[in-house]
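Asks: Sharing query_9.txt, compact mmCIF, C-alpha atoms:
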# COMPACT_ATOMS: atom_id res chain seq x y z
CA MET A 27 -2.16 -20.04 54.91
CA GLY A 28 -0.63 -19.50 51.44
CA GLU A 29 -3.24 -21.72 49.79
CA LEU A 30 -6.12 -19.93 51.52
CA ILE A 31 -5.46 -16.50 50.02
CA PRO A 32 -6.14 -17.28 46.31
CA LEU A 33 -9.41 -19.00 47.22
CA LEU A 34 -10.52 -16.08 49.37
CA LEU A 35 -9.50 -13.67 46.60
CA GLN A 36 -11.83 -15.47 44.18
CA GLY A 37 -14.64 -14.70 46.60
CA ALA A 38 -13.42 -11.14 47.03
CA TRP A 39 -13.66 -10.66 43.26
CA ILE A 40 -17.40 -11.49 43.42
CA THR A 41 -17.74 -9.10 46.37
CA ILE A 42 -16.05 -6.35 44.32
CA GLN A 43 -18.34 -6.94 41.34
CA VAL A 44 -21.49 -6.88 43.46
CA THR A 45 -20.29 -3.73 45.24
CA PHE A 46 -19.45 -2.01 41.93
CA PHE A 47 -22.68 -2.77 40.05
CA GLY A 48 -24.73 -2.38 43.24
CA SER A 49 -23.37 1.12 43.82
CA ILE A 50 -24.09 2.20 40.23
CA LEU A 51 -27.70 1.07 40.69
CA ALA A 52 -27.82 2.69 44.14
CA VAL A 53 -26.63 6.08 42.86
CA ALA A 54 -29.13 6.00 39.99
CA ALA A 55 -31.98 4.95 42.31
CA ALA A 56 -31.00 7.59 44.85
CA ILE A 57 -30.99 10.46 42.33
CA LEU A 58 -34.26 9.38 40.68
CA ALA A 59 -36.06 8.78 43.99
CA ALA A 60 -34.83 12.09 45.43
CA LEU A 61 -36.05 13.95 42.32
CA GLY A 62 -39.35 12.06 42.42
CA ARG A 63 -39.84 13.01 46.04
CA LEU A 64 -39.30 16.67 45.23
CA SER A 65 -41.63 16.50 42.21
CA ASN A 66 -44.96 18.34 42.09
CA TRP A 67 -46.80 15.39 40.59
CA ARG A 68 -48.43 13.62 43.50
CA PRO A 69 -48.57 9.95 42.35
CA LEU A 70 -44.84 10.07 41.55
CA ARG A 71 -44.06 11.63 44.92
CA TRP A 72 -46.07 8.97 46.76
CA PHE A 73 -44.47 6.19 44.78
CA CYS A 74 -41.00 7.47 45.71
CA VAL A 75 -41.90 7.91 49.38
CA ALA A 76 -43.30 4.34 49.42
CA TYR A 77 -40.11 2.99 47.82
CA ILE A 78 -37.86 4.84 50.26
CA GLU A 79 -39.83 3.87 53.38
CA LEU A 80 -40.31 0.26 52.29
CA PHE A 81 -36.63 -0.35 51.61
CA ARG A 82 -35.42 1.58 54.66
CA GLY A 83 -37.99 0.08 57.01
CA THR A 84 -37.69 -3.63 56.27
CA SER A 85 -34.44 -5.38 56.90
CA LEU A 86 -31.97 -5.99 54.03
CA LEU A 87 -31.81 -9.74 54.63
CA VAL A 88 -35.62 -9.89 54.48
CA GLN A 89 -35.49 -8.08 51.12
CA LEU A 90 -32.85 -10.42 49.72
CA PHE A 91 -34.82 -13.48 50.85
CA TRP A 92 -38.00 -12.06 49.39
CA LEU A 93 -36.34 -11.51 46.02
CA PHE A 94 -34.59 -14.87 46.08
CA PHE A 95 -37.15 -17.25 47.60
CA VAL A 96 -40.57 -15.64 47.08
CA LEU A 97 -40.28 -14.26 43.53
CA PRO A 98 -39.58 -17.64 41.82
CA LEU A 99 -42.75 -19.17 43.27
CA PRO A 100 -46.26 -18.66 41.90
CA PRO A 101 -47.95 -16.15 41.55
CA PHE A 102 -44.80 -14.24 40.53
CA ASN A 103 -42.73 -16.90 38.74
CA ILE A 104 -39.77 -14.55 38.33
CA GLU A 105 -36.58 -16.50 38.73
CA LEU A 106 -33.48 -14.36 39.25
CA SER A 107 -29.97 -15.68 39.76
CA ALA A 108 -28.34 -15.08 43.15
CA TYR A 109 -25.96 -12.65 41.43
CA THR A 110 -28.81 -10.56 40.02
CA VAL A 111 -30.71 -10.61 43.31
CA ALA A 112 -27.55 -9.45 45.10
CA ILE A 113 -27.03 -6.45 42.81
CA VAL A 114 -30.71 -5.48 42.58
CA GLY A 115 -31.37 -6.01 46.30
CA LEU A 116 -28.31 -4.13 47.53
CA GLY A 117 -28.68 -1.39 44.93
CA LEU A 118 -32.32 -0.69 45.78
CA HIS A 119 -31.68 -0.95 49.54
CA ILE A 120 -28.76 1.47 49.62
CA GLY A 121 -30.48 3.61 46.96
CA ALA A 122 -33.36 4.23 49.38
CA TYR A 123 -30.95 5.52 52.02
CA GLY A 124 -29.09 7.47 49.33
CA ALA A 125 -32.33 9.14 48.23
CA GLU A 126 -32.56 10.88 51.60
CA VAL A 127 -28.92 11.96 51.31
CA MET A 128 -29.52 13.30 47.77
CA ARG A 129 -32.68 15.11 48.87
CA GLY A 130 -30.69 16.89 51.57
CA ALA A 131 -27.91 17.65 49.09
CA ILE A 132 -30.26 19.02 46.42
CA SER A 133 -32.02 21.28 48.90
CA SER A 134 -28.63 22.46 50.24
CA VAL A 135 -27.82 24.08 46.87
CA GLY A 136 -28.23 27.82 47.36
CA LYS A 137 -31.43 29.52 46.28
CA GLY A 138 -29.36 32.07 44.35
CA GLN A 139 -28.23 29.30 42.01
CA TYR A 140 -31.83 28.54 41.00
CA GLU A 141 -32.63 32.23 40.61
CA ALA A 142 -29.51 32.84 38.53
CA SER A 143 -30.28 29.99 36.14
CA ILE A 144 -33.87 31.18 35.74
CA ALA A 145 -32.59 34.72 35.12
CA LEU A 146 -30.27 33.32 32.44
CA ASN A 147 -33.31 31.67 30.83
CA MET A 148 -31.91 28.18 31.23
CA PRO A 149 -34.31 25.29 30.57
CA ALA A 150 -35.18 23.22 33.66
CA ARG A 151 -33.30 20.14 32.45
CA THR A 152 -30.09 22.04 31.69
CA ARG A 153 -30.39 23.84 35.02
CA PHE A 154 -30.52 20.53 36.84
CA ARG A 155 -27.75 18.87 34.82
CA ARG A 156 -25.27 21.74 34.64
CA ILE A 157 -25.93 23.78 37.78
CA ILE A 158 -27.78 21.88 40.52
CA LEU A 159 -26.57 18.29 40.16
CA PRO A 160 -22.79 19.01 40.19
CA GLN A 161 -23.11 21.02 43.39
CA ALA A 162 -25.51 18.52 45.01
CA LEU A 163 -23.20 15.60 44.18
CA LEU A 164 -20.33 17.37 45.87
CA ALA A 165 -22.39 17.87 49.03
CA ALA A 166 -23.53 14.23 48.91
CA ILE A 167 -20.05 12.72 48.68
CA ALA A 168 -19.19 12.54 52.39
CA PRO A 169 -22.44 10.86 53.52
CA GLY A 170 -22.45 8.89 50.25
CA THR A 171 -19.04 7.41 51.05
CA ASN A 172 -20.42 6.04 54.31
CA LEU A 173 -23.32 4.50 52.42
CA LEU A 174 -20.99 2.85 49.90
CA ILE A 175 -19.03 1.31 52.76
CA GLU A 176 -22.36 0.11 54.19
CA LEU A 177 -23.04 -1.42 50.78
CA LEU A 178 -19.68 -3.19 50.78
CA LYS A 179 -20.28 -4.55 54.29
CA ASN A 180 -23.80 -5.60 53.39
CA THR A 181 -22.57 -7.64 50.41
CA SER A 182 -21.59 -10.24 53.03
CA LEU A 183 -25.31 -11.05 53.38
CA VAL A 184 -25.49 -12.31 49.80
CA SER A 185 -23.52 -15.35 50.99
CA LEU A 186 -26.75 -16.35 52.76
CA ILE A 187 -28.56 -16.56 49.41
CA THR A 188 -25.83 -18.90 48.09
CA LEU A 189 -23.69 -16.43 46.10
CA SER A 190 -20.04 -17.43 46.58
CA ASP A 191 -18.66 -14.07 47.66
CA LEU A 192 -15.86 -13.50 50.17
CA SER A 193 -18.03 -14.39 53.19
CA PHE A 194 -19.32 -17.54 51.50
CA ARG A 195 -15.80 -18.65 50.64
CA ALA A 196 -14.60 -17.95 54.17
CA ARG A 197 -17.38 -20.03 55.68
CA GLN A 198 -16.83 -22.83 53.15
CA LEU A 199 -13.05 -22.92 53.68
CA ASP A 200 -13.58 -22.89 57.42
CA GLN A 201 -15.73 -26.00 57.20
CA ALA A 202 -13.18 -27.73 54.97
CA THR A 203 -9.90 -26.83 56.72
CA PHE A 204 -10.74 -25.78 60.30
CA GLN A 205 -8.13 -23.01 60.05
CA THR A 206 -10.81 -20.82 61.58
CA LEU A 207 -8.70 -18.01 63.01
CA GLU A 208 -6.62 -17.48 59.86
CA ILE A 209 -9.60 -17.59 57.50
CA PHE A 210 -11.88 -15.18 59.33
CA SER A 211 -9.00 -12.81 60.15
CA LEU A 212 -7.98 -12.72 56.49
CA ALA A 213 -11.59 -12.11 55.43
CA LEU A 214 -11.93 -9.22 57.90
CA VAL A 215 -8.66 -7.67 56.67
CA MET A 216 -9.79 -7.98 53.03
CA TYR A 217 -13.06 -6.19 53.78
CA PHE A 218 -11.14 -3.51 55.66
CA VAL A 219 -8.79 -2.97 52.71
CA LEU A 220 -11.72 -2.75 50.27
CA ALA A 221 -13.40 -0.17 52.53
CA GLN A 222 -10.22 1.92 52.51
CA VAL A 223 -10.11 1.69 48.70
CA ILE A 224 -13.66 3.11 48.57
CA ASN A 225 -12.60 5.84 50.98
CA PHE A 226 -9.60 6.92 48.88
CA THR A 227 -11.47 6.70 45.58
CA MET A 228 -14.28 8.87 46.87
CA ARG A 229 -11.84 11.40 48.29
CA GLY A 230 -10.16 11.64 44.90
CA PHE A 231 -13.57 12.02 43.29
CA GLU A 232 -14.40 14.83 45.69
CA ARG A 233 -11.18 16.64 44.77
CA ARG A 234 -11.99 16.32 41.08
CA LEU A 235 -15.53 17.61 41.49
CA SER A 236 -14.48 20.56 43.61
CA ARG A 237 -11.76 21.63 41.15
CA GLY A 238 -12.27 25.21 40.03
CA ARG A 239 -14.76 26.03 42.74
CA LEU A 240 -14.23 28.99 45.03
CA ARG A 241 -13.32 28.01 48.52
CA GLY A 242 -16.37 28.16 50.79
CA GLY A 243 -18.63 27.69 47.78
CA LEU A 244 -21.12 29.91 46.03
CA SER A 245 -24.54 30.22 47.47
CA MET B 21 -53.11 -22.16 44.91
CA ASN B 22 -54.16 -19.05 46.73
CA LEU B 23 -52.13 -15.90 46.34
CA TRP B 24 -52.15 -15.29 50.06
CA ASP B 25 -53.18 -18.16 52.34
CA TRP B 26 -54.72 -16.85 55.56
CA ASN B 27 -55.01 -20.31 57.12
CA TYR B 28 -51.27 -20.73 56.73
CA VAL B 29 -50.70 -17.27 58.22
CA TRP B 30 -52.69 -18.16 61.38
CA GLN B 31 -50.80 -21.43 61.58
CA ILE B 32 -47.31 -19.84 61.59
CA LEU B 33 -48.14 -16.61 63.42
CA PRO B 34 -47.79 -17.90 67.03
CA ASP B 35 -44.25 -19.20 66.35
CA LEU B 36 -43.28 -16.00 64.55
CA LEU B 37 -44.54 -13.87 67.45
CA ARG B 38 -42.64 -16.00 69.94
CA ALA B 39 -39.47 -15.61 67.86
CA SER B 40 -40.08 -11.86 67.56
CA LEU B 41 -39.68 -11.66 71.35
CA ASN B 42 -36.17 -13.02 70.84
CA THR B 43 -35.54 -10.35 68.20
CA LEU B 44 -36.65 -7.65 70.64
CA GLY B 45 -34.64 -9.16 73.49
CA ILE B 46 -31.47 -9.37 71.38
CA THR B 47 -31.93 -5.76 70.29
CA LEU B 48 -32.43 -4.46 73.83
CA VAL B 49 -29.58 -6.39 75.47
CA GLY B 50 -27.28 -5.65 72.53
CA PHE B 51 -28.18 -1.96 72.74
CA MET B 52 -27.34 -1.87 76.44
CA ILE B 53 -23.94 -3.45 75.74
CA ALA B 54 -23.42 -0.94 72.94
CA ILE B 55 -24.26 2.19 74.96
CA VAL B 56 -22.01 1.17 77.87
CA LEU B 57 -19.09 -0.10 75.80
CA GLY B 58 -19.46 2.80 73.36
CA LEU B 59 -18.92 5.28 76.17
CA PHE B 60 -15.65 3.64 77.19
CA LEU B 61 -14.51 3.53 73.57
CA ALA B 62 -15.36 7.22 73.09
CA ILE B 63 -13.46 8.26 76.21
CA GLY B 64 -10.55 6.01 75.23
CA ARG B 65 -10.39 7.57 71.80
CA ARG B 66 -10.28 11.08 73.27
CA SER B 67 -7.57 10.20 75.77
CA ARG B 68 -4.29 12.13 75.54
CA LYS B 69 -2.37 8.92 76.19
CA VAL B 70 -1.32 7.69 72.77
CA TRP B 71 -1.05 4.05 73.87
CA LEU B 72 -4.79 4.23 74.67
CA SER B 73 -6.21 6.53 72.00
CA TRP B 74 -4.41 4.96 69.05
CA PRO B 75 -5.51 1.31 69.49
CA THR B 76 -9.04 2.45 70.35
CA THR B 77 -9.25 4.50 67.15
CA LEU B 78 -7.96 1.57 65.10
CA LEU B 79 -10.42 -0.84 66.73
CA ILE B 80 -13.38 1.50 66.10
CA GLU B 81 -12.44 2.07 62.46
CA PHE B 82 -11.76 -1.61 61.85
CA ILE B 83 -15.04 -2.81 63.30
CA ARG B 84 -16.99 -0.06 61.53
CA SER B 85 -15.62 -0.97 58.12
CA THR B 86 -15.98 -4.76 58.28
CA PRO B 87 -19.24 -6.75 58.07
CA LEU B 88 -21.22 -7.72 61.15
CA LEU B 89 -21.71 -11.19 59.66
CA ILE B 90 -17.98 -12.03 59.67
CA GLN B 91 -17.55 -10.54 63.14
CA VAL B 92 -20.32 -12.79 64.41
CA TYR B 93 -18.76 -15.80 62.65
CA PHE B 94 -15.49 -14.85 64.34
CA LEU B 95 -17.05 -14.85 67.82
CA TYR B 96 -19.02 -18.02 67.21
CA TYR B 97 -16.47 -20.17 65.37
CA VAL B 98 -13.03 -18.85 66.39
CA LEU B 99 -13.38 -18.24 70.13
CA PRO B 100 -14.25 -21.88 71.04
CA ASN B 101 -10.77 -22.89 69.80
CA TYR B 102 -9.35 -20.69 72.55
CA GLY B 103 -11.49 -21.99 75.38
CA VAL B 104 -14.32 -19.43 75.15
CA SER B 105 -17.48 -21.26 74.12
CA LEU B 106 -20.44 -19.03 73.52
CA THR B 107 -23.94 -20.17 72.60
CA ALA B 108 -25.25 -18.82 69.30
CA MET B 109 -27.45 -16.40 71.23
CA GLN B 110 -24.55 -15.10 73.35
CA ALA B 111 -22.23 -14.73 70.35
CA GLY B 112 -24.98 -12.94 68.45
CA ILE B 113 -25.81 -10.47 71.21
CA LEU B 114 -22.14 -9.80 71.91
CA GLY B 115 -21.36 -9.39 68.21
CA ILE B 116 -24.15 -6.95 67.49
CA GLY B 117 -23.45 -5.06 70.74
CA LEU B 118 -19.76 -4.71 69.92
CA HIS B 119 -20.46 -3.67 66.33
CA TYR B 120 -22.85 -0.90 67.33
CA ALA B 121 -20.68 0.17 70.29
CA CYS B 122 -18.21 1.42 67.68
CA TYR B 123 -20.88 3.46 65.90
CA ILE B 124 -22.25 4.78 69.19
CA ALA B 125 -18.73 5.71 70.35
CA GLU B 126 -18.67 8.19 67.45
CA VAL B 127 -22.05 9.58 68.53
CA TYR B 128 -20.69 10.12 72.04
CA ARG B 129 -17.59 11.75 70.59
CA GLY B 130 -19.83 14.24 68.76
CA GLY B 131 -21.75 14.85 71.98
CA LEU B 132 -18.60 15.40 74.02
CA ASP B 133 -17.24 17.77 71.36
CA SER B 134 -20.47 19.75 71.54
CA VAL B 135 -19.83 20.65 75.19
CA ALA B 136 -18.42 24.17 75.27
CA ARG B 137 -14.67 24.49 75.57
CA SER B 138 -14.99 26.72 78.61
CA GLN B 139 -16.61 23.84 80.52
CA TRP B 140 -13.56 21.69 79.89
CA GLU B 141 -11.30 24.54 80.96
CA ALA B 142 -13.37 25.09 84.10
CA VAL B 143 -13.08 21.48 85.27
CA ILE B 144 -9.32 21.67 84.77
CA ALA B 145 -9.14 25.01 86.61
CA LEU B 146 -11.17 23.57 89.51
CA ASN B 147 -8.81 20.59 89.61
CA PHE B 148 -11.56 17.99 89.20
CA ALA B 149 -10.47 14.40 88.90
CA PRO B 150 -11.17 13.19 85.31
CA TRP B 151 -13.86 10.76 86.50
CA THR B 152 -15.70 13.44 88.52
CA ALA B 153 -15.39 15.91 85.66
CA TYR B 154 -17.08 13.49 83.25
CA ARG B 155 -19.77 12.39 85.68
CA ALA B 156 -20.75 15.73 87.19
CA ILE B 157 -20.07 18.30 84.47
CA ILE B 158 -19.48 16.95 80.98
CA LEU B 159 -21.84 13.97 80.53
CA PRO B 160 -25.03 15.69 81.75
CA GLN B 161 -24.51 18.35 79.07
CA ALA B 162 -23.44 15.93 76.36
CA ILE B 163 -26.44 13.63 76.68
CA ARG B 164 -29.21 15.83 75.23
CA PRO B 165 -27.95 16.17 71.65
CA ILE B 166 -27.04 12.46 71.38
CA LEU B 167 -30.43 10.97 72.30
CA PRO B 168 -31.94 11.13 68.78
CA PRO B 169 -28.90 9.57 67.05
CA LEU B 170 -28.88 6.84 69.70
CA GLY B 171 -32.52 6.18 68.84
CA ASN B 172 -31.61 5.88 65.17
CA TYR B 173 -28.92 3.32 65.98
CA LEU B 174 -31.45 1.35 68.03
CA ILE B 175 -33.60 1.15 64.88
CA ALA B 176 -30.59 0.17 62.75
CA MET B 177 -29.69 -2.51 65.26
CA LEU B 178 -33.20 -3.97 65.22
CA LYS B 179 -32.97 -4.26 61.44
CA ASP B 180 -29.57 -5.97 61.64
CA THR B 181 -30.72 -8.77 63.97
CA PRO B 182 -31.75 -11.06 61.03
CA VAL B 183 -28.01 -11.40 60.29
CA LEU B 184 -27.80 -13.56 63.41
CA SER B 185 -29.95 -16.21 61.73
CA ALA B 186 -26.71 -17.17 59.93
CA ILE B 187 -25.41 -18.67 63.18
CA THR B 188 -28.77 -20.34 63.91
CA VAL B 189 -30.07 -17.84 66.46
CA VAL B 190 -33.83 -18.37 66.43
CA GLU B 191 -35.04 -14.82 65.91
CA ILE B 192 -37.99 -13.93 63.70
CA MET B 193 -36.12 -14.36 60.38
CA GLN B 194 -34.80 -17.81 61.28
CA GLN B 195 -38.28 -18.84 62.37
CA ALA B 196 -39.71 -17.64 59.05
CA LYS B 197 -37.06 -19.60 57.14
CA ASN B 198 -37.91 -22.72 59.13
CA ALA B 199 -41.61 -22.28 58.44
CA GLY B 200 -40.90 -21.71 54.73
CA SER B 201 -38.67 -24.73 54.35
CA GLU B 202 -41.28 -27.00 55.94
CA SER B 203 -44.16 -25.94 53.73
CA PHE B 204 -42.35 -24.59 50.63
CA ARG B 205 -44.38 -21.40 50.99
CA TYR B 206 -42.11 -18.45 51.56
CA LEU B 207 -44.45 -15.63 50.55
CA GLU B 208 -46.37 -15.39 53.83
CA PRO B 209 -43.59 -15.88 56.42
CA ILE B 210 -41.08 -13.54 54.76
CA THR B 211 -43.68 -10.89 54.01
CA LEU B 212 -44.87 -11.02 57.63
CA VAL B 213 -41.29 -10.57 58.85
CA GLY B 214 -40.92 -7.58 56.53
CA LEU B 215 -44.13 -6.07 57.90
CA PHE B 216 -42.91 -6.66 61.46
CA PHE B 217 -39.72 -4.69 60.80
CA LEU B 218 -41.53 -2.00 58.83
CA ALA B 219 -44.12 -1.42 61.56
CA LEU B 220 -41.56 -1.32 64.37
CA SER B 221 -39.07 0.89 62.59
CA VAL B 222 -41.71 3.38 61.40
CA ALA B 223 -43.09 3.57 64.96
CA LEU B 224 -39.63 4.00 66.50
CA ALA B 225 -38.64 6.60 63.89
CA TYR B 226 -41.79 8.56 64.79
CA LEU B 227 -40.83 8.45 68.49
CA VAL B 228 -37.31 9.66 67.68
CA ARG B 229 -38.75 12.61 65.75
CA ARG B 230 -41.05 13.44 68.68
CA LEU B 231 -38.02 13.30 70.98
CA GLU B 232 -36.15 15.74 68.74
CA VAL B 233 -39.03 18.19 68.91
CA ARG B 234 -39.33 17.71 72.65
CA LEU B 235 -35.64 18.41 73.22
CA GLU B 236 -35.90 21.43 70.91
CA LEU B 237 -33.10 20.15 68.74
CA ARG B 238 -34.93 21.16 65.60
Go ahead and express the file in the form of structure tokens.
Replies:
Amino acid sequence: MGELIPLLLQGAWITIQVTFFGSILAVAAAILAALGRLSNWRPLRWFCVAYIELFRGTSLLVQLFWLFFVLPLPPFNIELSAYTVAIVGLGLHIGAYGAEVMRGAISSVGKGQYEASIALNMPARTRFRRIILPQALLAAIAPGTNLLIELLKNTSLVSLITLSDLSFRARQLDQATFQTLEIFSLALVMYFVLAQVINFTMRGFERRLSRGRLRGGLS
Amino acid sequence: MNLWDWNYVWQILPDLLRASLNTLGITLVGFMIAIVLGLFLAIGRRSRKVWLSWPTTLLIEFIRSTPLLIQVYFLYYVLPNYGVSLTAMQAGILGIGLHYACYIAEVYRGGLDSVARSQWEAVIALNFAPWTAYRAIILPQAIRPILPPLGNYLIAMLKDTPVLSAITVVEIMQQAKNAGSESFRYLEPITLVGLFFLALSVALAYLVRRLEVRLELR
């Protein structure tokens, strides 16, 4: 069993990278799509609704396969590495779910906050950056944590487009050594530990964001 | 080469439709496993007996935070070494049912918590046996608010069935991969599979919203 762990950890390192870069893309996509959906400019709103519904409605594996197997062929001729497809696919997929979370969080910010920043003659961009976004992010953290854990779990699917992440390594080692029980148990435990790391990190993040706020919040 | 080859679409469509029946069957059977098993898990988690509630909580949290793919590998590749041989289809249905049972257990827990405290006190005061209390008093009241979230998990489950193609279950995604690898044209089969999931999940999501309105939960 001792020789299995370093090999699985190599895979876990890929899983961590994909999760990390995927979640940065997902957060960015979620905020932009949520803002676009709330915008007054119709084409932008429709585009964001189409993005959200398309990525929520079709299955993640279908999206990964589309990006990996269909894009390199004519008429598209866009060849992306499995690593890029993994980050882009997972980021956009979870971003679409995150957009709905962010939309809820942005509309949960009290009306008084908007009125106060207008009364203080704050430009729209500053209002969003300094007043609305910090409060919306705080409200989005709990559902966002669940989505990040979904992202981590979904990284296992990138093994099916040949990226050698933790799941890929587990399957490969299983075929080579037949120590089936040990390998898959170790892989499950590693995913579980990574999920707990996300949990603790996000909880710490929540504490930092809520520092200095009145208990019960302003609204 | 055409951008979109209709002849090819008509050629692969019958096989895809046949495989889509498997997708629907897996989803429905898996969902039934999940709603039954989920109820037992939810009741187990709420039990006052620590030897029951503690392992159930751990099991639910563990399954919820690890990938379905590895769980399915576990059922399909590990169990045969211990005398339990499942076909790919059985392992797939069991895996997806077990995975979602743990999500649905949390939905039930929310539903049970939503039943007013006085109802729980009343069944204790009337000296109901726990089984009778759940069946006659608590569950009928807990069911209404949980129907829409159950519907949402049905949709999520449908969209997770392509994972089972990894253990060679011939559902719609596996069929599309087969078609693509024979002809080296992936655009049509994979796009069709995407459209299949999009159409079904949009339709189901609409029904869930109607149900919410109907039950006056909004």
Asks: Show me which bits of chain A are within 6 Å of chain B, counting all atoms listed in the file, as a list of chain:residue names.
Replies: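 Residues of chain A within 6 Å of chain B, counting all atoms listed in the file: A:Gly83, A:Thr84, A:Ser85, A:Val96, A:Lys179, A:Thr206, A:Leu207, A:Tyr217, A:Phe218.
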Asks: Neighbouring residues of segment 126-134 of chain A were defined as those with any atom within 10 Å, considering all atoms listed in the file; residues of the same chain fewer than 3 positions away were excluded. Please report them as number ranges by chain.
Replies: A: 53, 56-64, 78, 121-123, 137, 154, 158-170, 173, 245
Asks: Would you compute the distance between atom CA of Thr227 of chain A and atom CA of Ala52 of chain A? Give it in Å to one decimal.
Replies: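 Separation of atom CA of Thr227 of chain A and atom CA of Ala52 of chain A: 16.9 Å.
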Asks: Report the distance between atom CA of Arg65 of chain B and atom CA of Ile120 of chain A in Å, rounded to one decimal place.
Replies: 29.4 Å
Asks: Which residue, A:Gln222, A:Thr203, A:Thr171, A:Ser193, has the smallest gap to Leu34 of chain A when you use all atoms listed in the file?
Replies: A:Ser193
Asks: Taking all atoms listed in the file into account, which of A:Leu186, A:Leu99, A:Ile209, A:Leu174 comes nearest Ile42 of chain A?
Replies: A:Leu174
